[in-house]
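Novice: Structure file protein.cif (mmCIF, C-alpha atoms (C1' of nucleotides)) right here:
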data_protein
#
loop_
_atom_site.label_atom_id
_atom_site.label_comp_id
_atom_site.auth_asym_id
_atom_site.auth_seq_id
_atom_site.Cartn_x
_atom_site.Cartn_y
_atom_site.Cartn_z
CA MET A 1414 35.76 -146.11 104.99
CA LYS A 1415 37.57 -146.59 101.72
CA HIS A 1416 36.28 -149.91 100.59
CA LYS A 1417 38.17 -151.97 98.07
CA ILE A 1418 35.56 -154.17 96.42
CA ASP A 1419 36.86 -157.46 95.16
CA GLU A 1420 35.27 -160.22 93.16
CA SER A 1421 33.61 -161.86 96.16
CA ASP A 1422 32.04 -158.59 97.21
CA ARG A 1423 30.72 -158.15 93.72
CA ILE A 1424 29.08 -161.56 93.80
CA ILE A 1425 27.49 -160.80 97.15
CA LEU A 1426 26.24 -157.38 96.08
CA ASP A 1427 24.93 -158.70 92.81
CA HIS A 1428 22.77 -161.18 94.68
CA LEU A 1429 21.58 -158.70 97.25
CA GLN A 1430 20.50 -156.01 94.83
CA ASN A 1431 18.26 -158.59 93.22
CA ASP A 1432 17.05 -160.10 96.45
CA ALA A 1433 17.83 -158.59 99.81
CA ALA A 1434 16.76 -161.75 101.59
CA THR A 1435 19.38 -163.94 99.97
CA SER A 1436 20.52 -166.38 102.63
CA ILE A 1437 24.06 -166.41 103.86
CA HIS A 1438 24.22 -170.02 102.83
CA ALA A 1439 23.43 -169.13 99.24
CA LEU A 1440 26.17 -166.51 99.32
CA VAL A 1441 28.57 -169.06 100.74
CA ASP A 1442 27.77 -171.32 97.83
CA SER A 1443 28.27 -168.74 95.12
CA THR A 1444 31.39 -167.18 96.59
CA GLY A 1445 33.14 -170.25 97.89
CA LEU A 1446 33.91 -168.36 101.09
CA SER A 1447 33.17 -169.51 104.61
CA SER A 1448 30.03 -168.47 106.41
CA ALA A 1449 31.99 -166.32 108.84
CA SER A 1450 33.76 -164.53 106.05
CA VAL A 1451 30.54 -163.76 104.25
CA GLN A 1452 29.10 -162.40 107.47
CA ARG A 1453 32.11 -160.20 108.04
CA ARG A 1454 31.94 -158.85 104.53
CA LEU A 1455 28.24 -158.19 104.82
CA LYS A 1456 28.75 -156.28 108.01
CA ARG A 1457 31.45 -154.15 106.44
CA LEU A 1458 29.51 -153.51 103.27
CA ARG A 1459 26.66 -152.23 105.38
CA SER A 1460 28.65 -150.16 107.84
CA ASP A 1461 30.74 -148.65 105.06
CA GLY A 1462 27.58 -147.63 103.28
CA VAL A 1463 28.22 -149.65 100.15
CA ILE A 1464 24.86 -151.16 100.98
CA ASP A 1465 22.84 -148.07 101.67
CA ARG A 1466 19.66 -149.76 102.80
CA GLU A 1467 17.37 -152.68 102.14
CA VAL A 1468 13.84 -151.96 101.07
CA ALA A 1469 10.67 -153.41 99.64
CA ILE A 1470 9.76 -152.22 96.16
CA LEU A 1471 6.04 -151.65 95.86
CA ASP A 1472 4.05 -151.73 92.67
CA PRO A 1473 2.81 -148.14 92.14
CA GLU A 1474 -0.19 -149.37 90.14
CA ALA A 1475 -1.34 -151.62 92.94
CA MET A 1476 -1.03 -148.65 95.27
CA GLY A 1477 -3.35 -146.65 93.07
CA GLN A 1478 -0.60 -144.49 91.60
CA LYS A 1479 -1.39 -145.28 88.01
CA MET A 1480 0.45 -142.42 86.37
CA THR A 1481 4.06 -141.35 86.23
CA PHE A 1482 5.39 -138.00 85.09
CA ILE A 1483 8.83 -136.67 84.38
CA VAL A 1484 9.03 -132.96 84.97
CA MET A 1485 11.76 -130.51 84.01
CA VAL A 1486 11.75 -127.48 86.24
CA GLU A 1487 13.48 -124.19 85.55
CA LEU A 1488 13.83 -121.77 88.42
CA GLU A 1489 13.59 -118.00 88.26
CA ARG A 1490 16.64 -117.25 90.32
CA GLU A 1491 19.29 -119.77 91.21
CA SER A 1492 20.57 -118.44 94.52
CA LEU A 1493 21.58 -121.02 97.06
CA ASP A 1494 18.66 -120.03 99.24
CA GLN A 1495 16.21 -120.56 96.45
CA LEU A 1496 17.67 -123.92 95.56
CA ASP A 1497 17.48 -125.07 99.14
CA ALA A 1498 13.95 -123.82 99.54
CA PHE A 1499 12.91 -125.76 96.49
CA ARG A 1500 14.69 -128.88 97.67
CA ARG A 1501 13.00 -128.73 101.02
CA LYS A 1502 9.62 -128.43 99.40
CA ILE A 1503 10.33 -131.46 97.22
CA GLU A 1504 11.64 -133.44 100.14
CA LYS A 1505 8.30 -133.22 101.89
CA GLU A 1506 6.23 -134.18 98.87
CA PRO A 1507 5.63 -137.93 98.76
CA HIS A 1508 4.40 -137.79 95.19
CA VAL A 1509 7.83 -136.75 94.05
CA GLN A 1510 9.72 -139.98 93.92
CA GLN A 1511 13.04 -138.75 92.60
CA CYS A 1512 14.62 -135.34 92.17
CA TYR A 1513 17.86 -134.51 90.39
CA TYR A 1514 19.64 -131.17 90.21
CA VAL A 1515 21.11 -131.01 86.74
CA THR A 1516 23.09 -128.99 84.24
CA GLY A 1517 21.44 -127.76 81.07
CA ASP A 1518 18.21 -125.94 80.31
CA ALA A 1519 16.40 -127.36 83.28
CA ASP A 1520 17.50 -126.92 86.86
CA PHE A 1521 15.68 -129.89 88.35
CA ILE A 1522 14.29 -133.04 86.88
CA LEU A 1523 11.61 -134.77 88.90
CA ILE A 1524 9.90 -138.10 88.65
CA CYS A 1525 6.40 -137.92 90.10
CA LEU A 1526 3.63 -140.39 90.81
CA ALA A 1527 -0.07 -139.63 90.92
CA PRO A 1528 -3.34 -141.56 90.86
CA ASP A 1529 -4.59 -139.62 87.85
CA MET A 1530 -4.26 -136.43 85.83
CA LYS A 1531 -6.34 -134.42 88.19
CA ALA A 1532 -4.15 -135.27 91.13
CA PHE A 1533 -1.08 -134.41 89.12
CA GLU A 1534 -2.54 -131.09 88.16
CA GLU A 1535 -3.11 -130.29 91.79
CA LEU A 1536 0.47 -131.28 92.49
CA THR A 1537 1.73 -128.85 89.87
CA HIS A 1538 -0.29 -126.13 91.50
CA ARG A 1539 1.12 -126.83 94.91
CA LEU A 1540 4.70 -127.11 93.74
CA PHE A 1541 5.04 -124.88 90.72
CA PHE A 1542 2.26 -122.43 89.98
CA LYS A 1543 2.09 -121.20 93.53
CA ASN A 1544 5.86 -120.93 93.64
CA GLN A 1545 7.12 -117.52 92.56
CA ASN A 1546 10.55 -118.91 91.99
CA VAL A 1547 9.54 -121.42 89.33
CA ARG A 1548 9.95 -119.78 85.93
CA ARG A 1549 8.58 -122.64 83.92
CA PHE A 1550 8.21 -126.37 83.89
CA HIS A 1551 7.68 -128.98 81.23
CA THR A 1552 6.03 -132.34 81.70
CA ASN A 1553 6.48 -135.67 79.98
CA VAL A 1554 3.85 -138.29 80.65
CA VAL A 1555 5.18 -141.82 81.02
CA MET A 1556 3.42 -144.26 78.75
CA SER A 1557 5.36 -147.31 79.79
CA LYS A 1558 8.30 -148.20 81.96
CA THR A 1559 10.88 -150.18 80.08
CA LYS A 1560 13.23 -150.38 83.01
CA THR A 1561 12.90 -149.44 86.63
CA GLY A 1562 14.95 -150.10 89.70
CA LEU A 1563 18.09 -148.61 91.14
CA SER A 1564 20.52 -151.34 90.21
CA VAL A 1565 24.14 -150.38 89.99
CA PRO A 1566 26.40 -152.04 87.42
CA ILE A 1567 28.69 -154.51 89.13
CA MET B 1264 -5.44 -160.41 92.37
CA LYS B 1265 -7.45 -157.27 93.01
CA HIS B 1266 -6.13 -156.18 96.32
CA LYS B 1267 -8.09 -153.86 98.51
CA ILE B 1268 -5.51 -152.07 100.62
CA ASP B 1269 -6.72 -150.93 103.97
CA GLU B 1270 -5.16 -148.86 106.69
CA SER B 1271 -3.25 -151.76 108.22
CA ASP B 1272 -1.77 -152.72 104.89
CA ARG B 1273 -0.68 -149.15 104.43
CA ILE B 1274 1.11 -149.16 107.75
CA ILE B 1275 2.85 -152.40 106.90
CA LEU B 1276 3.90 -151.24 103.46
CA ASP B 1277 5.09 -147.93 104.74
CA HIS B 1278 7.46 -149.68 107.09
CA LEU B 1279 8.68 -152.17 104.54
CA GLN B 1280 9.49 -149.69 101.85
CA ASN B 1281 11.76 -147.97 104.32
CA ASP B 1282 13.24 -151.14 105.75
CA ALA B 1283 12.56 -154.52 104.24
CA ALA B 1284 13.88 -156.23 107.37
CA THR B 1285 11.25 -154.77 109.66
CA SER B 1286 10.34 -157.50 112.10
CA ILE B 1287 6.87 -158.91 112.28
CA HIS B 1288 6.81 -157.90 115.89
CA ALA B 1289 7.36 -154.27 114.99
CA LEU B 1290 4.52 -154.50 112.49
CA VAL B 1291 2.30 -156.04 115.15
CA ASP B 1292 3.04 -153.10 117.40
CA SER B 1293 2.26 -150.43 114.85
CA THR B 1294 -0.84 -152.07 113.45
CA GLY B 1295 -2.36 -153.51 116.57
CA LEU B 1296 -3.02 -156.72 114.67
CA SER B 1297 -2.04 -160.20 115.75
CA SER B 1298 1.17 -161.79 114.61
CA ALA B 1299 -0.69 -164.33 112.51
CA SER B 1300 -2.71 -161.63 110.81
CA VAL B 1301 0.36 -159.65 109.92
CA GLN B 1302 1.93 -162.77 108.46
CA ARG B 1303 -1.14 -163.52 106.38
CA ARG B 1304 -1.24 -159.98 105.06
CA LEU B 1305 2.42 -160.08 104.24
CA LYS B 1306 2.01 -163.27 102.31
CA ARG B 1307 -0.86 -161.84 100.30
CA LEU B 1308 0.86 -158.55 99.64
CA ARG B 1309 3.77 -160.47 98.20
CA SER B 1310 1.83 -163.01 96.17
CA ASP B 1311 -0.48 -160.34 94.78
CA GLY B 1312 2.53 -158.35 93.66
CA VAL B 1313 1.79 -155.30 95.76
CA ILE B 1314 5.25 -155.96 97.12
CA ASP B 1315 7.13 -156.50 93.91
CA ARG B 1316 10.46 -157.48 95.43
CA GLU B 1317 12.87 -156.75 98.24
CA VAL B 1318 16.28 -155.47 97.34
CA ALA B 1319 19.45 -153.92 98.66
CA ILE B 1320 20.10 -150.37 97.50
CA LEU B 1321 23.77 -149.87 96.75
CA ASP B 1322 25.62 -146.59 96.81
CA PRO B 1323 26.61 -145.92 93.18
CA GLU B 1324 29.56 -143.79 94.30
CA ALA B 1325 30.99 -146.59 96.38
CA MET B 1326 30.64 -148.86 93.39
CA GLY B 1327 32.70 -146.50 91.32
CA GLN B 1328 29.77 -145.08 89.39
CA LYS B 1329 30.40 -141.48 90.25
CA MET B 1330 28.32 -139.85 87.55
CA THR B 1331 24.64 -139.87 86.68
CA PHE B 1332 23.09 -138.68 83.44
CA ILE B 1333 19.55 -138.12 82.32
CA VAL B 1334 19.17 -138.60 78.61
CA MET B 1335 16.28 -137.69 76.34
CA VAL B 1336 16.24 -139.83 73.24
CA GLU B 1337 14.32 -139.12 70.07
CA LEU B 1338 13.94 -141.91 67.55
CA GLU B 1339 13.98 -141.59 63.77
CA ARG B 1340 10.99 -143.79 63.12
CA GLU B 1341 8.55 -144.91 65.73
CA SER B 1342 7.38 -148.22 64.36
CA LEU B 1343 6.63 -150.91 66.89
CA ASP B 1344 9.60 -152.90 65.69
CA GLN B 1345 11.95 -149.99 66.20
CA LEU B 1346 10.61 -149.32 69.65
CA ASP B 1347 11.04 -152.92 70.68
CA ALA B 1348 14.52 -153.10 69.23
CA PHE B 1349 15.51 -150.06 71.23
CA ARG B 1350 13.96 -151.44 74.38
CA ARG B 1351 15.81 -154.69 74.03
CA LYS B 1352 19.10 -152.90 73.63
CA ILE B 1353 18.41 -150.85 76.75
CA GLU B 1354 17.37 -153.90 78.70
CA LYS B 1355 20.75 -155.47 78.26
CA GLU B 1356 22.75 -152.39 79.20
CA PRO B 1357 23.53 -152.35 82.94
CA HIS B 1358 24.59 -148.72 82.85
CA VAL B 1359 21.04 -147.73 82.03
CA GLN B 1360 19.32 -147.81 85.36
CA GLN B 1361 15.88 -146.61 84.34
CA CYS B 1362 14.10 -146.16 81.03
CA TYR B 1363 10.73 -144.52 80.42
CA TYR B 1364 8.76 -144.33 77.19
CA VAL B 1365 7.12 -140.93 77.23
CA THR B 1366 4.92 -138.47 75.40
CA GLY B 1367 6.33 -135.19 74.20
CA ASP B 1368 9.42 -134.20 72.22
CA ALA B 1369 11.45 -137.12 73.46
CA ASP B 1370 10.50 -140.73 72.96
CA PHE B 1371 12.54 -142.20 75.76
CA ILE B 1372 14.03 -140.78 78.90
CA LEU B 1373 16.91 -142.70 80.43
CA ILE B 1374 18.78 -142.49 83.67
CA CYS B 1375 22.32 -143.74 83.26
CA LEU B 1376 25.26 -144.39 85.54
CA ALA B 1377 28.91 -144.27 84.58
CA PRO B 1378 32.27 -144.11 86.34
CA ASP B 1379 33.27 -140.97 84.44
CA MET B 1380 32.66 -138.87 81.36
CA LYS B 1381 34.75 -141.05 79.15
CA ALA B 1382 32.77 -144.14 80.02
CA PHE B 1383 29.55 -142.26 79.38
CA GLU B 1384 30.78 -141.12 76.01
CA GLU B 1385 31.48 -144.70 75.08
CA LEU B 1386 28.01 -145.60 76.21
CA THR B 1387 26.47 -142.97 73.96
CA HIS B 1388 28.44 -144.40 71.05
CA ARG B 1389 27.23 -147.89 71.75
CA LEU B 1390 23.63 -146.93 72.25
CA PHE B 1391 23.02 -143.85 70.14
CA PHE B 1392 25.62 -142.89 67.56
CA LYS B 1393 25.89 -146.40 66.19
CA ASN B 1394 22.12 -146.68 66.12
CA GLN B 1395 20.63 -145.53 62.81
CA ASN B 1396 17.26 -145.19 64.39
CA VAL B 1397 18.25 -142.58 66.95
CA ARG B 1398 17.58 -139.17 65.47
CA ARG B 1399 19.00 -137.17 68.33
CA PHE B 1400 19.59 -137.26 72.04
CA HIS B 1401 20.09 -134.66 74.70
CA THR B 1402 21.98 -135.14 77.94
CA ASN B 1403 21.60 -133.56 81.36
CA VAL B 1404 24.41 -134.17 83.80
CA VAL B 1405 23.29 -134.72 87.38
CA MET B 1406 25.06 -132.44 89.82
CA SER B 1407 23.34 -133.69 92.92
CA LYS B 1408 20.56 -136.03 93.88
CA THR B 1409 17.99 -134.35 96.05
CA LYS B 1410 15.81 -137.38 96.27
CA THR B 1411 16.31 -140.94 95.21
CA GLY B 1412 14.46 -144.16 95.88
CA LEU B 1413 11.33 -145.70 94.49
CA SER B 1414 9.00 -144.98 97.36
CA VAL B 1415 5.33 -144.92 96.57
CA PRO B 1416 3.04 -142.51 98.38
CA ILE B 1417 0.91 -144.37 100.90
"C1'" DC C 274 3.81 -170.17 123.45
"C1'" DG C 275 7.40 -173.56 121.95
"C1'" DT C 276 10.48 -175.12 118.45
"C1'" DG C 277 13.87 -175.18 114.86
"C1'" DA C 278 16.43 -172.72 111.49
"C1'" DA C 279 19.09 -169.06 110.55
"C1'" DA C 280 21.74 -165.09 111.69
"C1'" DC C 281 25.00 -163.26 114.85
"C1'" DC C 282 29.28 -163.03 117.43
"C1'" DA C 283 33.69 -163.95 119.60
"C1'" DA C 284 37.94 -166.45 119.88
"C1'" DC C 285 41.86 -168.56 117.88
"C1'" DA C 286 45.06 -170.49 114.40
"C1'" DT C 287 46.60 -169.87 109.77
"C1'" DC C 288 48.15 -167.60 105.66
"C1'" DT C 289 50.09 -163.93 102.93
"C1'" DA C 290 50.98 -159.35 100.93
"C1'" DT D 982 52.95 -156.67 110.81
"C1'" DA D 983 48.29 -155.90 109.55
"C1'" DG D 984 44.46 -157.87 107.42
"C1'" DA D 985 41.62 -161.49 105.73
"C1'" DT D 986 40.30 -166.24 106.15
"C1'" DG D 987 38.35 -170.82 108.03
"C1'" DT D 988 36.94 -173.36 111.93
"C1'" DT D 989 34.36 -173.94 115.95
"C1'" DG D 990 30.93 -173.31 119.18
"C1'" DG D 991 27.83 -170.81 121.84
"C1'" DT D 992 24.07 -167.37 121.98
"C1'" DT D 993 20.17 -164.84 120.20
"C1'" DT D 994 16.63 -163.77 117.26
"C1'" DC D 995 12.63 -164.60 114.75
"C1'" DA D 996 9.29 -166.71 111.63
"C1'" DC D 997 6.01 -170.06 111.80
"C1'" DG D 998 2.92 -173.50 113.37
#
For the file at hand, write its structure as structure tokens.

Specialist:
Amino acid sequence: MKHKIDESDRIILDHLQNDAATSIHALVDSTGLSSASVQRRLKRLRSDGVIDREVAILDPEAMGQKMTFIVMVELERESLDQLDAFRRKIEKEPHVQQCYYVTGDADFILICLAPDMKAFEELTHRLFFKNQNVRRFHTNVVMSKTKTGLSVPI
Amino acid sequence: MKHKIDESDRIILDHLQNDAATSIHALVDSTGLSSASVQRRLKRLRSDGVIDREVAILDPEAMGQKMTFIVMVELERESLDQLDAFRRKIEKEPHVQQCYYVTGDADFILICLAPDMKAFEELTHRLFFKNQNVRRFHTNVVMSKTKTGLSVPI
DNA sequence: CGTGAAACCAACATCTA
DNA sequence: TAGATGTTGGTTTCACG
């Protein structure tokens, strides 16, 4: 459970979060460990949840999702029930890519994808305007993405 | 280059963005296509950049990055040079996971990771306080992550 | 459908903190 | 003593032709 991550682990993880298909042989080369040892470490890193999952990153543009929006949402009432209700709604909405519950003026910050403005407007209707518990929301349109990904500093 | 994505592609991509290690056989089953066809499609999806890359998602907590911050940054002057300079700085900073250039009050919105408050404070010094061109910045601390990932709606 | 490469797994001896 | 390592070898899986 408690996983002490040493230098070799770091090397392995650094490779994998750039390319999940890195061969064991390549990891053997860069760590200096044996193949068996690398395999054991990999297994542990996965089962301990250090490696959460391995996924393909798709290009949103190519998938027709040409626009990205960052939305700050302020709720009317912040009871636990209301928060959960909102979360559940978000969970089911594929156009919301990320959702953070935060301190400060806003309650939630969302990152949304949509094919165009019209689609986004419809999304805001579904999620916010029709939702009594949303006091207000504020949208920033993304002009360009300087950095994406979910890389963790090693 | 221009990639027309049909229903079978969608099925394939949907699987892969949940699990990059999905076997070709599994894709054959869910698409009804032949093994060869799935392989061809896969190859094209990759070379056309629809599949940008395949990566391991690490658990930030397990890596000692227990805190997440969302930072709105407003620049002093928005000349192209200034924007690029800022971008370059961000690019090199591993603790900045994502960076978006946006419309609205803020110029940039960042998502940052740090082990603790102290480390984040140091980050703000490096990136913002010491930077003449940053007029102001505003931080939201993430209390919980309702939704993470970079999944694209299919 | 067959083939070869790679990943997987188990067993055992060694080393050391 | 408990845990991690390297070696070996056998088995399985899977992509690819």

Novice: Mind running chain D against chain B at 12 Å and telling me each contacting residue's nearest atom pair with the distance in Å (one decimal), counting only C-alpha atoms (C1' of nucleotides), chain and number ascending, as JSON lines?

Specialist:
{"residue": "D:DT994", "atom": "C1'", "partner": "B:Ser1286", "partner_atom": "CA", "distance": 10.3}
{"residue": "D:DC995", "atom": "C1'", "partner": "B:Ser1286", "partner_atom": "CA", "distance": 7.9}
{"residue": "D:DA996", "atom": "C1'", "partner": "B:Ile1287", "partner_atom": "CA", "distance": 8.2}
{"residue": "D:DC997", "atom": "C1'", "partner": "B:Ala1299", "partner_atom": "CA", "distance": 8.8}
{"residue": "D:DG998", "atom": "C1'", "partner": "B:Ala1299", "partner_atom": "CA", "distance": 9.9}

Novice: Computed after least-squares fitting of chain B to chain A on all C-alpha atoms in order, what is the RMSD in Å?

Specialist: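 Fitting chain B to chain A over paired C-alpha atoms yields 0.1 Å.
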
Novice: Using the chain letters and numbers from this file, what does the PyMOL selection byres ((chain D and resi 984-993) around 10) select? Give the answer as a PyMOL selection string.

Specialist: (chain A and resi 1446-1450+1453) or (chain C and resi 280-290) or (chain D and resi 982-983+994-995)

Novice: Taking all atoms listed in the file into account, report as a ChimeraX atom specification which residues of chain A lie within 8 Å of chain B.

Specialist: /A:1416,1418,1426,1429-1434,1462-1473,1475-1476,1478,1500,1504,1507-1508,1510-1517,1526,1553-1567

Novice: Give the answer as one residue: which of A:Lys1531, A:Ser1443, A:Ser1460, A:Val1451 has the shortest atom-to-atom distance to chain C, using all atoms listed in the file?

Specialist: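 When distances to chain C are compared using all atoms listed in the file, the smallest one comes from A:Val1451.
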
Novice: With 3 Å of padding per side, what axis-aligned box (centre and edge lengths, Å, one decimal) covers all the listed atoms of region 1487-1492 of chain A? Give it as JSON.

Specialist:
{"center_x": 17.0, "center_y": -120.7, "center_z": 90.0, "size_x": 13.1, "size_y": 12.9, "size_z": 15.0}

Novice: Evaluating the PyMOL selection byres ((chain B and resi 1400) around 6) on the displayed file yields which residues, as a list in words?

Specialist: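 Output from the PyMOL selection byres ((chain B and resi 1400) around 6), applied to this file: Met1335, Val1336, Glu1337, Arg1399 and His1401 of chain B.
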
Novice: Please, what distance in Å, to one decimal, runs between CA of Gln1395 (chain B) and CA of Lys1355 (chain B)?

Specialist: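 Taking CA of Gln1395 (chain B) as the start and CA of Lys1355 (chain B) as the end point, the length is 18.4 Å.
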
Novice: Between CA of Met1480 (chain A) and CA of Leu1290 (chain B), measure the distance and give it in Å to one decimal.

Specialist: 29.1 Å

Novice: Rank A:Gln1495, A:Phe1541, A:Ala1439, A:Arg1454 by their smallest atom-to-atom distance to Ser1421 (chain A), using only C-alpha atoms, and report the top residue only.

Specialist: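 Closest residue, counting only C-alpha atoms: A:Arg1454.
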